[in-house]
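Undergrad: coords_36.pdb (PDB, C-alpha atoms and all ligand atoms) pasted underneath:
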ATOM      1  CA  MET A   1     -63.842  36.555  70.386
ATOM      2  CA  GLN A   2     -65.966  39.490  69.217
ATOM      3  CA  CYS A   3     -66.046  41.373  72.521
ATOM      4  CA  ALA A   4     -63.480  44.054  71.760
ATOM      5  CA  PRO A   5     -65.282  45.634  68.762
ATOM      6  CA  ASP A   6     -68.533  45.834  70.735
ATOM      7  CA  ILE A   7     -66.764  47.548  73.608
ATOM      8  CA  GLU A   8     -65.154  50.028  71.207
ATOM      9  CA  GLN A   9     -68.496  50.719  69.545
ATOM     10  CA  THR A  10     -70.114  51.408  72.903
ATOM     11  CA  LYS A  11     -67.249  53.694  73.850
ATOM     12  CA  GLU A  12     -67.667  55.635  70.603
ATOM     13  CA  GLU A  13     -71.402  55.951  71.186
ATOM     14  CA  LEU A  14     -70.827  57.227  74.707
ATOM     15  CA  GLU A  15     -68.308  59.769  73.500
ATOM     16  CA  ASP A  16     -70.368  61.039  70.546
ATOM     17  CA  ARG A  17     -71.056  64.607  71.536
ATOM     18  CA  SER A  18     -71.684  65.942  68.021
ATOM     19  CA  TRP A  19     -75.109  67.128  69.203
ATOM     20  CA  TRP A  20     -73.621  69.294  71.937
ATOM     21  CA  SER A  21     -73.388  72.430  69.759
ATOM     22  CA  GLU A  22     -77.202  72.490  69.629
ATOM     23  CA  ALA A  23     -77.656  72.137  73.392
ATOM     24  CA  SER A  24     -79.756  74.833  75.028
ATOM     25  CA  CYS A  25     -77.446  74.805  78.047
ATOM     26  CA  ALA A  26     -74.180  74.945  76.095
ATOM     27  CA  THR A  27     -73.701  78.699  76.165
ATOM     28  CA  GLY A  28     -74.911  79.507  79.655
ATOM     29  CA  GLY A  29     -71.565  79.420  81.430
ATOM     30  CA  ALA A  30     -71.041  78.688  85.097
ATOM     31  CA  GLY A  31     -74.218  80.459  86.189
ATOM     32  CA  LEU A  32     -76.375  78.209  84.094
ATOM     33  CA  ALA A  33     -74.382  75.119  85.047
ATOM     34  CA  ALA A  34     -75.075  75.902  88.692
ATOM     35  CA  ILE A  35     -78.823  75.434  88.292
ATOM     36  CA  PHE A  36     -78.352  72.060  86.590
ATOM     37  CA  PHE A  37     -76.402  70.826  89.616
ATOM     38  CA  SER A  38     -78.300  72.632  92.327
ATOM     39  CA  ASP A  39     -80.049  71.146  95.329
ATOM     40  CA  GLU A  40     -82.713  73.863  95.264
ATOM     41  CA  LEU A  41     -86.085  72.909  93.845
ATOM     42  CA  GLN A  42     -86.546  76.207  92.021
ATOM     43  CA  ASP A  43     -83.180  75.787  90.271
ATOM     44  CA  ILE A  44     -83.947  72.190  89.344
ATOM     45  CA  ALA A  45     -87.326  73.254  87.957
ATOM     46  CA  ALA A  46     -85.652  76.000  85.907
ATOM     47  CA  ALA A  47     -83.118  73.522  84.518
ATOM     48  CA  LYS A  48     -85.870  71.073  83.569
ATOM     49  CA  ARG A  49     -87.776  73.837  81.774
ATOM     50  CA  ILE A  50     -84.657  74.653  79.734
ATOM     51  CA  CYS A  51     -84.300  70.974  78.847
ATOM     52  CA  ALA A  52     -87.953  70.810  77.799
ATOM     53  CA  GLU A  53     -87.186  73.232  74.950
ATOM     54  CA  CYS A  54     -83.835  71.701  74.058
ATOM     55  CA  PRO A  55     -83.551  70.168  70.568
ATOM     56  CA  VAL A  56     -81.091  67.517  71.744
ATOM     57  CA  LEU A  57     -82.970  66.250  74.785
ATOM     58  CA  ALA A  58     -83.053  62.624  73.577
ATOM     59  CA  PRO A  59     -79.314  62.088  72.952
ATOM     60  CA  CYS A  60     -78.503  64.010  76.116
ATOM     61  CA  LEU A  61     -80.775  61.816  78.212
ATOM     62  CA  GLU A  62     -79.580  58.660  76.477
ATOM     63  CA  GLY A  63     -75.980  59.527  77.305
ATOM     64  CA  ALA A  64     -76.809  60.366  80.907
ATOM     65  CA  ILE A  65     -78.556  57.016  81.346
ATOM     66  CA  ALA A  66     -75.635  55.155  79.753
ATOM     67  CA  ARG A  67     -73.106  56.956  81.957
ATOM     68  CA  ARG A  68     -75.293  56.488  85.034
ATOM     69  CA  GLU A  69     -74.913  60.150  85.869
ATOM     70  CA  PRO A  70     -74.443  60.558  89.601
ATOM     71  CA  TRP A  71     -76.020  63.979  89.922
ATOM     72  CA  GLY A  72     -77.783  66.811  88.147
ATOM     73  CA  VAL A  73     -80.407  67.512  85.518
ATOM     74  CA  TRP A  74     -79.762  65.825  82.191
ATOM     75  CA  GLY A  75     -82.183  65.491  79.299
ATOM     76  CA  GLY A  76     -84.993  66.969  81.361
ATOM     77  CA  GLN A  77     -84.619  64.445  84.175
ATOM     78  CA  LEU A  78     -83.145  64.740  87.640
ATOM     79  CA  PHE A  79     -80.463  62.125  88.287
ATOM     80  CA  LEU A  80     -79.156  60.824  91.577
ATOM     81  CA  ASN A  81     -76.673  57.953  91.754
ATOM     82  CA  GLY A  82     -77.409  56.916  88.180
ATOM     83  CA  HIS A  83     -81.167  56.815  88.593
ATOM     84  CA  ILE A  84     -83.903  59.185  87.453
ATOM     85  CA  LEU A  85     -85.795  60.728  90.342
ATOM     86  CA  GLN A  86     -89.485  61.368  89.749
ATOM     87  CA  ALA A  87     -89.737  63.778  92.660
ATOM     88  CA  LYS A  88     -87.616  65.607  95.165
ATOM     89  CA  ARG A  89     -88.711  67.300  98.296
ATOM     90  CA  ARG A  90     -87.419  70.347 100.064
ATOM     91  CA  ARG A  91     -85.001  69.845 102.935
ATOM     92  CA  GLY A  92     -86.458  69.607 106.400
ATOM     93  CA  ARG A  93     -89.829  68.521 107.623
ATOM     94  CA  PRO A  94     -92.403  68.023 104.857
ATOM     95  CA  PRO A  95     -95.146  70.659 104.844
ATOM     96  CA  LYS A  96     -98.647  69.620 105.921
ATOM     97  CA  VAL A  97    -100.001  71.031 102.690
ATOM     98  CA  ALA A  98     -98.062  70.452  99.469
ATOM     99  CA  ARG A  99     -96.553  73.612  98.053
ATOM    100  CA  PRO A 100     -97.351  74.087  94.351
ATOM    101  CA  GLU A 101     -94.035  75.900  93.910
ATOM    102  CA  ASP A 102     -92.203  72.722  94.977
ATOM    103  CA  ALA A 103     -93.634  70.650  92.120
ATOM    104  CA  LEU A 104     -91.049  69.901  89.458
ATOM    105  CA  PRO A 105     -92.063  70.112  85.795
ATOM    106  CA  GLU A 106     -92.742  66.691  84.299
ATOM    107  CA  ILE A 107     -90.690  66.302  81.155
ATOM    108  CA  PRO A 108     -91.727  63.226  79.155
ATOM    109  CA  ILE A 109     -89.052  60.598  78.631
ATOM    110  CA  PRO A 110     -88.728  59.657  74.947
ATOM    111  CA  GLU A 111     -90.422  56.326  74.233
ATOM    112  CA  HIS A 112     -87.227  54.442  73.369
ATOM    113  CA  LEU A 113     -85.640  55.386  76.713
ATOM    114  CA  ARG A 114     -88.562  54.606  79.023
ATOM    115  CA  SER A 115     -87.427  51.164  80.088
ATOM    116  CA  ALA A 116     -83.972  52.450  81.005
TER
HETATM  117  S1  LIG A 201     -81.400  68.357  77.431
HETATM  118 FE1  LIG A 201     -80.926  69.799  79.096
HETATM  119  S2  LIG A 201     -78.961  69.121  79.943
HETATM  120 FE2  LIG A 201     -79.235  68.130  77.963
HETATM  121  S3  LIG A 201     -78.173  69.419  76.487
HETATM  122 FE3  LIG A 201     -80.321  70.066  76.519
HETATM  123  S4  LIG A 201     -80.483  71.718  78.010
HETATM  124 FE4  LIG A 201     -78.515  70.666  78.354
END
Take the structure in this file and express it as structure tokens.
TA:
Amino acid sequence: MQCAPDIEQTKEELEDRSWWSEASCATGGAGLAAIFFSDELQDIAAAKRICAECPVLAPCLEGAIARREPWGVWGGQLFLNGHILQAKRRRGRPPKVARPEDALPEIPIPEHLRSA
């Protein structure tokens, strides 16, 4: 059977973090990490804006999709339980009038990852 080599190849692809040294979030420390895993809309928006300028957005997002990240901002997208959320609302009762400050930046998903 040819299954084992394919599994090993996938494992290697998942573990390839050679791009990490170029990550915009790599040198931010715990303070920066906190906004990538925050529940606050302003923090999430700030994290997405950092991702938007990141030179390794595509491999980061690809890895997050493959790992089915349970939580946080990865590759410019907000993940929850392995899925990309298009929107998130503030806790509590929704406002009658949408708050512009609650809108999250829309970071385009690279073409080859759109069906994921
Ligand atoms: S895309 Fe965002 S989460 Fe991924 S490495 Fe870049 S800054 Fe970090």
Undergrad: Show me, as a VMD selection string, the residues that have an atom within 12 Å of Arg114 (chain A) when counting only C-alpha atoms, minus same-chain residues fewer than 3 positions from it.
TA: chain A and resid 58 61 to 62 65 77 84 108 to 111
Undergrad: Within 6 Å of Gly75 (chain A), counting all atoms listed in the file, which residues qualify if same-chain residues fewer than 4 places away don't, as a list in words?
TA: Cys51, Leu57, Cys60 and Leu61 of chain A
Undergrad: Choose the residue, out of A:Gly82, A:Gly92, A:Pro105, A:Gly31, that has the smallest atom-to-atom separation from Pro70 (chain A); count all atoms listed in the file.
TA: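 Ranked by minimum distance to Pro70 (chain A), first place goes to A:Gly82.
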Undergrad: Hey, which residues come within 9 Å of ligand LIG 201 (chain A) if we count all atoms listed in the file? Could you give them as a ChimeraX atom specification?
TA: /A:19-26,36,47-61,64,72-77
Undergrad: Separation of CA of Ala87 (chain A) and CA of Asp16 (chain A), in Å?
TA: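 Those two atoms sit 29.5 Å apart.
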Undergrad: Just give me the gap between CA of Leu80 (chain A) and CA of Ala30 (chain A) in Å, one decimal is fine.
TA: 20.7 Å
Undergrad: How many Å separate CA of Pro100 (chain A) from CA of Ala45 (chain A)?
TA: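 CA of Ala45 (chain A) lies at a distance of 11.9 Å from CA of Pro100 (chain A).
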Undergrad: Please identify all polymer residues within 8 Å of Ile44 (chain A), counting all atoms listed in the file, omitting same-chain residues fewer than 5 positions from it, and present them as a PDB file with C-alpha atoms, in the frame of the given file.
TA:
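So the final result, stored in selection-v9.pdb, reads:
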ATOM      1  CA  ILE A  35     -78.823  75.434  88.292  1.00  0.00           C
ATOM      2  CA  PHE A  36     -78.352  72.060  86.590  1.00  0.00           C
ATOM      3  CA  PHE A  37     -76.402  70.826  89.616  1.00  0.00           C
ATOM      4  CA  SER A  38     -78.300  72.632  92.327  1.00  0.00           C
ATOM      5  CA  ASP A  39     -80.049  71.146  95.329  1.00  0.00           C
ATOM      6  CA  VAL A  73     -80.407  67.512  85.518  1.00  0.00           C
ATOM      7  CA  LEU A  78     -83.145  64.740  87.640  1.00  0.00           C
ATOM      8  CA  LEU A 104     -91.049  69.901  89.458  1.00  0.00           C
TER       9      LEU A 104
END
Undergrad: From the list A:Pro94, A:Ala46, A:Arg17, A:Arg68, which residue is nearest Glu106 (chain A) when using only C-alpha atoms?
TA: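 When distances to Glu106 (chain A) are compared using only C-alpha atoms, the smallest one comes from A:Ala46.
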